[in-house]
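J.: Okay, handing you the structure first.
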Amino acid sequence: MRRRLRAWILAGAGLLAAGAGPAYGADTPSAGSAAGAVQYAVQDLGTLGGTRSKATAIEGDTVVGSSWTSGDAAEHAFAYDLRGHTMTDLGTLGGSSRAVDIEGDHVVGQSDLSADGPTHGFAYDLRTRRLVDIGTLGGSSSRVTALSGDTVVGTSSLPGDVVTHAFAYSLRTRIMTDLGSLAGPSGVSTATAVSGAIVVGSSSLPDAPPTTTHGFAYNLRTRKTTDLGTLGGISSTASAVSGSTVVGGSRTAANRLTGYAYDLRTGVRTDLGSRFLTAQLISGNTVVGGDGLLSSSFDLTTHASAVIGSGRGVTEVKQISGNVMVGDNFAPNSFAFAARADTGDFTYLASLGGLNSYAEQVNSRGVVAGSAALAAPDPTTANGPFHASVWVPRTAV
């Protein structure tokens with residue numbers, strides 16, 4: 001499963017210049033979509049008794065996310081069965097909890113150990129209904145980023161809570177592996193994504209400030225770390241991986257920020273250009289990313305690039321799976337969308353009676369998960385509470 005890289009990660013790595021990314025207002029989306037585009041029916045997944053919920057990931061017939069409980073007393077992770085129309089409270093490790101990803105029978109996320117305590121990653125088995133604290137690398141906290149197969153990846157503090165390292169946790173052996181850093185044991189690293197045996201992220205460098213990073217790839221089979229280098233500048237990040245191809249952002253020799261794709265088999269690095277500065281994602285040979293305003297797609301085979309959507313407002317792709325992309329068109333209002341990289345189709349996804357909606361992930365059948373606003377309680381507001389939602393594709397017009 002994927003996990004996206006936000007613009008703030010780039011900023012923390014010194015890649016995104018302050019004030020980058022112009023924004024301007026987007027009106028309410030126009031009714032309808034391009035002729036022939038898939039149409040969607042929105043479904044409210046409800047809550048665990050509270051007023052609000054949100055979905056963060058979907059695989060097969062299971063949607064995961066978090067919801068407030070009765071009386072909005074606490075936030076708990078949930079798993080929703082689309083076949084049985086049931087929402088299951090996954091519990092917590094003592095405080096609140098939030099689900100991040102799902103694959104097979106396993107849900108992963110993080111939970112506070114108490115109301116004011118540290119946060120630990122967790123794994124929940126949907127078959128046994130058992131919640132497991134995956135622990136840390138010796139520090140007080142850990143956070144989960146993504147899941148692939150039986151491998152959970154994320155970031156944990158080390159003893160003393162001064163340094164954080166990327167980790168890989170095996171659901172099979174229940175062993176957490178410290179992936180280290182390019183600067184050695186005292187360096188800092190984070191894991192952003194995993195695909196099969198390849199974990200990618202960003203790491204500090206020897207004799208450099210912590211904010212100066214290089215993207216890295218760690219092979220869990222060979223235990224080899226590859227420094228992905230840069231496009232001539234001082235810093236890079238790695239945000240996603242598909243097969244042997246890693247994507248991220250890099251500074252050039254002229255100190256420009258650009259996107260890149262790196263082939264771990266050949267060592268070939270492709271400059272994606274200035275339209276891929278943030279939120280780089282990849283599926284197969286298709287890369288998507290944004291420049292702070294518009295999102296674009298890039299075909300690594302043909303090197304053809306295309307803008308996603310109409311160019312109105314700001315677009316951000318949250319996930320790409322095959323040729324299907326989902327995300328949000330916003331500034332200042334947010335409207336979920338589904339689009340196709342192969343045909344250019346772009347479809348807005350309806351709310352639940354309010355104005356706004358957010359899309360997060362799409363499964364192999366094209367069902368999109370996210371959250372949507374209920375009808376406003378009074379005419380002076382645009383939205384009621386947001387509920388976890390799915391958008392189910394209907395027959396194409």
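Identifiers in this document derive from the order of the structure tokens: chains are assigned A, B, ..., residues are numbered from 1 separately in each chain, and ligands are numbered from 1 in order of occurrence.
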Which residues come within 10 Å of region 217-233 of chain A, counting only C-alpha atoms, excluding same-chain residues fewer than 2 positions away, as a ChimeraX atom specification?
T.: /A:151,166,168,177,179-182,191,193-194,196-203,205,213-215,235-238,241,244-264,267,269-271
J.: Please dump the current selection as a compact mmCIF listing (two decimals), in the first residue's frame; keep N, CA and C atoms.
T.:
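New file again-v1.txt:
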# COMPACT_ATOMS: atom_id res chain seq x y z
N THR A 151 4.99 -6.46 6.09
CA THR A 151 5.96 -5.48 6.55
C THR A 151 5.32 -4.13 6.82
N ALA A 166 14.15 5.32 10.72
CA ALA A 166 13.17 4.52 9.99
C ALA A 166 13.22 3.08 10.50
N ALA A 168 11.40 -1.11 9.97
CA ALA A 168 10.53 -2.09 9.32
C ALA A 168 10.16 -3.13 10.36
N THR A 177 13.02 -3.84 12.87
CA THR A 177 14.38 -3.66 12.39
C THR A 177 14.69 -2.18 12.23
N LEU A 179 16.44 0.62 10.43
CA LEU A 179 17.00 0.78 9.10
C LEU A 179 18.17 1.76 9.08
N GLY A 180 18.51 2.32 10.23
CA GLY A 180 19.67 3.18 10.32
C GLY A 180 19.51 4.49 9.58
N SER A 181 20.64 5.10 9.24
CA SER A 181 20.63 6.34 8.46
C SER A 181 21.91 6.42 7.65
N LEU A 182 21.91 7.31 6.67
CA LEU A 182 23.10 7.51 5.84
C LEU A 182 24.21 8.20 6.62
N ALA A 191 10.93 6.71 7.22
CA ALA A 191 10.43 5.84 6.16
C ALA A 191 9.10 6.38 5.67
N ALA A 193 7.48 4.96 2.52
CA ALA A 193 6.71 4.01 1.72
C ALA A 193 7.43 2.67 1.67
N VAL A 194 6.69 1.63 1.31
CA VAL A 194 7.26 0.30 1.16
C VAL A 194 6.53 -0.42 0.04
N GLY A 196 6.89 -4.41 -1.46
CA GLY A 196 7.63 -5.66 -1.39
C GLY A 196 8.75 -5.56 -0.38
N ALA A 197 9.99 -5.80 -0.83
CA ALA A 197 11.15 -5.78 0.06
C ALA A 197 11.83 -4.43 0.10
N ILE A 198 11.31 -3.43 -0.63
CA ILE A 198 11.98 -2.13 -0.73
C ILE A 198 11.28 -1.09 0.13
N VAL A 199 12.02 -0.52 1.06
CA VAL A 199 11.54 0.58 1.91
C VAL A 199 12.25 1.85 1.45
N VAL A 200 11.52 2.94 1.30
CA VAL A 200 12.15 4.20 0.90
C VAL A 200 11.82 5.28 1.91
N GLY A 201 12.70 6.28 1.94
CA GLY A 201 12.50 7.40 2.85
C GLY A 201 13.60 8.42 2.66
N SER A 202 13.83 9.21 3.69
CA SER A 202 14.83 10.26 3.63
C SER A 202 15.72 10.18 4.85
N SER A 203 16.99 10.56 4.68
CA SER A 203 17.95 10.43 5.76
C SER A 203 18.90 11.62 5.79
N LEU A 205 22.69 13.31 6.45
CA LEU A 205 23.98 12.95 5.87
C LEU A 205 25.11 13.22 6.85
N THR A 213 19.03 16.35 3.49
CA THR A 213 18.77 14.92 3.40
C THR A 213 19.01 14.39 1.99
N HIS A 214 19.16 13.08 1.92
CA HIS A 214 19.11 12.35 0.66
C HIS A 214 18.02 11.29 0.77
N GLY A 215 17.33 11.04 -0.33
CA GLY A 215 16.44 9.90 -0.37
C GLY A 215 17.25 8.61 -0.31
N SER A 235 20.24 18.32 -1.66
CA SER A 235 19.22 17.58 -0.94
C SER A 235 18.27 16.82 -1.87
N SER A 236 17.72 15.74 -1.34
CA SER A 236 16.67 15.01 -2.04
C SER A 236 15.82 14.30 -1.01
N THR A 237 14.64 13.88 -1.41
CA THR A 237 13.75 13.06 -0.60
C THR A 237 13.25 11.91 -1.46
N ALA A 238 12.76 10.86 -0.83
CA ALA A 238 12.08 9.76 -1.53
C ALA A 238 10.70 9.62 -0.93
N VAL A 241 7.44 4.28 -3.93
CA VAL A 241 8.16 3.25 -4.69
C VAL A 241 7.15 2.31 -5.31
N SER A 244 10.81 -1.46 -8.84
CA SER A 244 12.18 -1.02 -8.60
C SER A 244 12.36 0.48 -8.80
N THR A 245 11.26 1.21 -8.97
CA THR A 245 11.35 2.64 -9.25
C THR A 245 10.91 3.47 -8.05
N VAL A 246 11.79 4.38 -7.64
CA VAL A 246 11.54 5.29 -6.52
C VAL A 246 11.32 6.69 -7.08
N VAL A 247 10.39 7.43 -6.50
CA VAL A 247 10.17 8.82 -6.91
C VAL A 247 10.30 9.73 -5.69
N GLY A 248 10.67 10.98 -5.95
CA GLY A 248 10.82 11.96 -4.89
C GLY A 248 11.13 13.31 -5.46
N GLY A 249 11.71 14.17 -4.62
CA GLY A 249 12.08 15.51 -5.04
C GLY A 249 13.55 15.75 -4.79
N SER A 250 14.16 16.63 -5.58
CA SER A 250 15.60 16.88 -5.46
C SER A 250 15.92 18.32 -5.84
N ARG A 251 16.98 18.84 -5.25
CA ARG A 251 17.56 20.10 -5.69
C ARG A 251 18.53 19.82 -6.84
N THR A 252 18.57 20.73 -7.80
CA THR A 252 19.50 20.62 -8.92
C THR A 252 20.76 21.41 -8.61
N ALA A 253 21.74 21.34 -9.54
CA ALA A 253 22.97 22.10 -9.38
C ALA A 253 22.70 23.60 -9.32
N ALA A 254 21.64 24.04 -9.97
CA ALA A 254 21.26 25.46 -9.94
C ALA A 254 20.35 25.77 -8.76
N ASN A 255 20.20 24.80 -7.84
CA ASN A 255 19.38 24.93 -6.64
C ASN A 255 17.90 25.03 -6.94
N ARG A 256 17.49 24.57 -8.12
CA ARG A 256 16.07 24.47 -8.43
C ARG A 256 15.52 23.18 -7.82
N LEU A 257 14.24 23.20 -7.49
CA LEU A 257 13.58 22.00 -7.00
C LEU A 257 12.88 21.31 -8.15
N THR A 258 13.03 20.01 -8.26
CA THR A 258 12.40 19.25 -9.33
C THR A 258 12.07 17.85 -8.83
N GLY A 259 11.20 17.17 -9.53
CA GLY A 259 10.92 15.78 -9.20
C GLY A 259 11.85 14.85 -9.94
N TYR A 260 12.00 13.63 -9.42
CA TYR A 260 12.85 12.64 -10.09
C TYR A 260 12.28 11.24 -9.92
N ALA A 261 12.71 10.35 -10.79
CA ALA A 261 12.44 8.92 -10.66
C ALA A 261 13.78 8.20 -10.74
N TYR A 262 14.00 7.23 -9.88
CA TYR A 262 15.28 6.51 -9.81
C TYR A 262 15.02 5.02 -9.97
N ASP A 263 15.68 4.38 -10.93
CA ASP A 263 15.55 2.94 -11.17
C ASP A 263 16.63 2.22 -10.37
N LEU A 264 16.23 1.44 -9.37
CA LEU A 264 17.18 0.75 -8.52
C LEU A 264 17.95 -0.33 -9.26
N GLY A 267 20.21 2.17 -11.87
CA GLY A 267 20.83 3.38 -11.34
C GLY A 267 20.53 4.62 -12.16
N ARG A 269 18.60 7.86 -13.24
CA ARG A 269 17.78 8.87 -12.59
C ARG A 269 17.14 9.75 -13.65
N THR A 270 15.82 9.91 -13.60
CA THR A 270 15.08 10.72 -14.57
C THR A 270 14.61 12.01 -13.93
N ASP A 271 14.95 13.13 -14.53
CA ASP A 271 14.47 14.44 -14.07
C ASP A 271 13.05 14.63 -14.58
J.: Do a neighbour search on Asp133 (chain A) at 12 Å with only C-alpha atoms, toss out local chain neighbours closer than 3 positions, and write the hits as a list in words.
T.: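 Surrounding residues, per the criterion: Gly91, Thr92, Leu93, Gly94, Ser97, Val108, Gly109, Gln110, Ser111, Asp112, Leu113, Thr119, His120, Gly121, Phe122, Ala123, Tyr124, Asp125, Arg130, Thr136, Ser141, Ser142, Arg143, Val144, Tyr169, Leu171, Arg174, Ile175 and Met176 of chain A.
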J.: Do you have, as JSON lines, the list of residues of region 285-389 of chain A lying at most 12 Å from region 80-84 of chain A, each with its nearest atom pair and that distance in Å to one decimal, counting only C-alpha atoms and ordered by chain then number?
T.:
{"residue": "A:Val367", "atom": "CA", "partner": "A:Leu82", "partner_atom": "CA", "distance": 10.4}
{"residue": "A:Val368", "atom": "CA", "partner": "A:Leu82", "partner_atom": "CA", "distance": 11.9}
{"residue": "A:Ala369", "atom": "CA", "partner": "A:Tyr80", "partner_atom": "CA", "distance": 10.9}
{"residue": "A:Ala388", "atom": "CA", "partner": "A:Tyr80", "partner_atom": "CA", "distance": 9.6}
{"residue": "A:Ser389", "atom": "CA", "partner": "A:Tyr80", "partner_atom": "CA", "distance": 10.3}
J.: Can you pull out the residues contacting Gly370 (chain A)? Cut-off 10 Å, using only C-alpha atoms, and skip same-chain residues under 5 positions away; I want them as a PyMOL selection string.
T.: chain A and resi 53-58+63-65+326-327+336+357-362+386-391
J.: Record the distance separating CA of Leu277 (chain A) and CA of Gln319 (chain A), expressed in Å with one decimal.
T.: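 That distance, rounded to one decimal, is 15.9 Å.
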J.: Would you work out the distance separating CA of Asp161 (chain A) from CA of Asp116 (chain A), expressed in Å to one decimal?
T.: 16.4 Å
J.: So how far away is CA of Gly290 (chain A) from CA of Thr278 (chain A), in Å?
T.: 5.2 Å
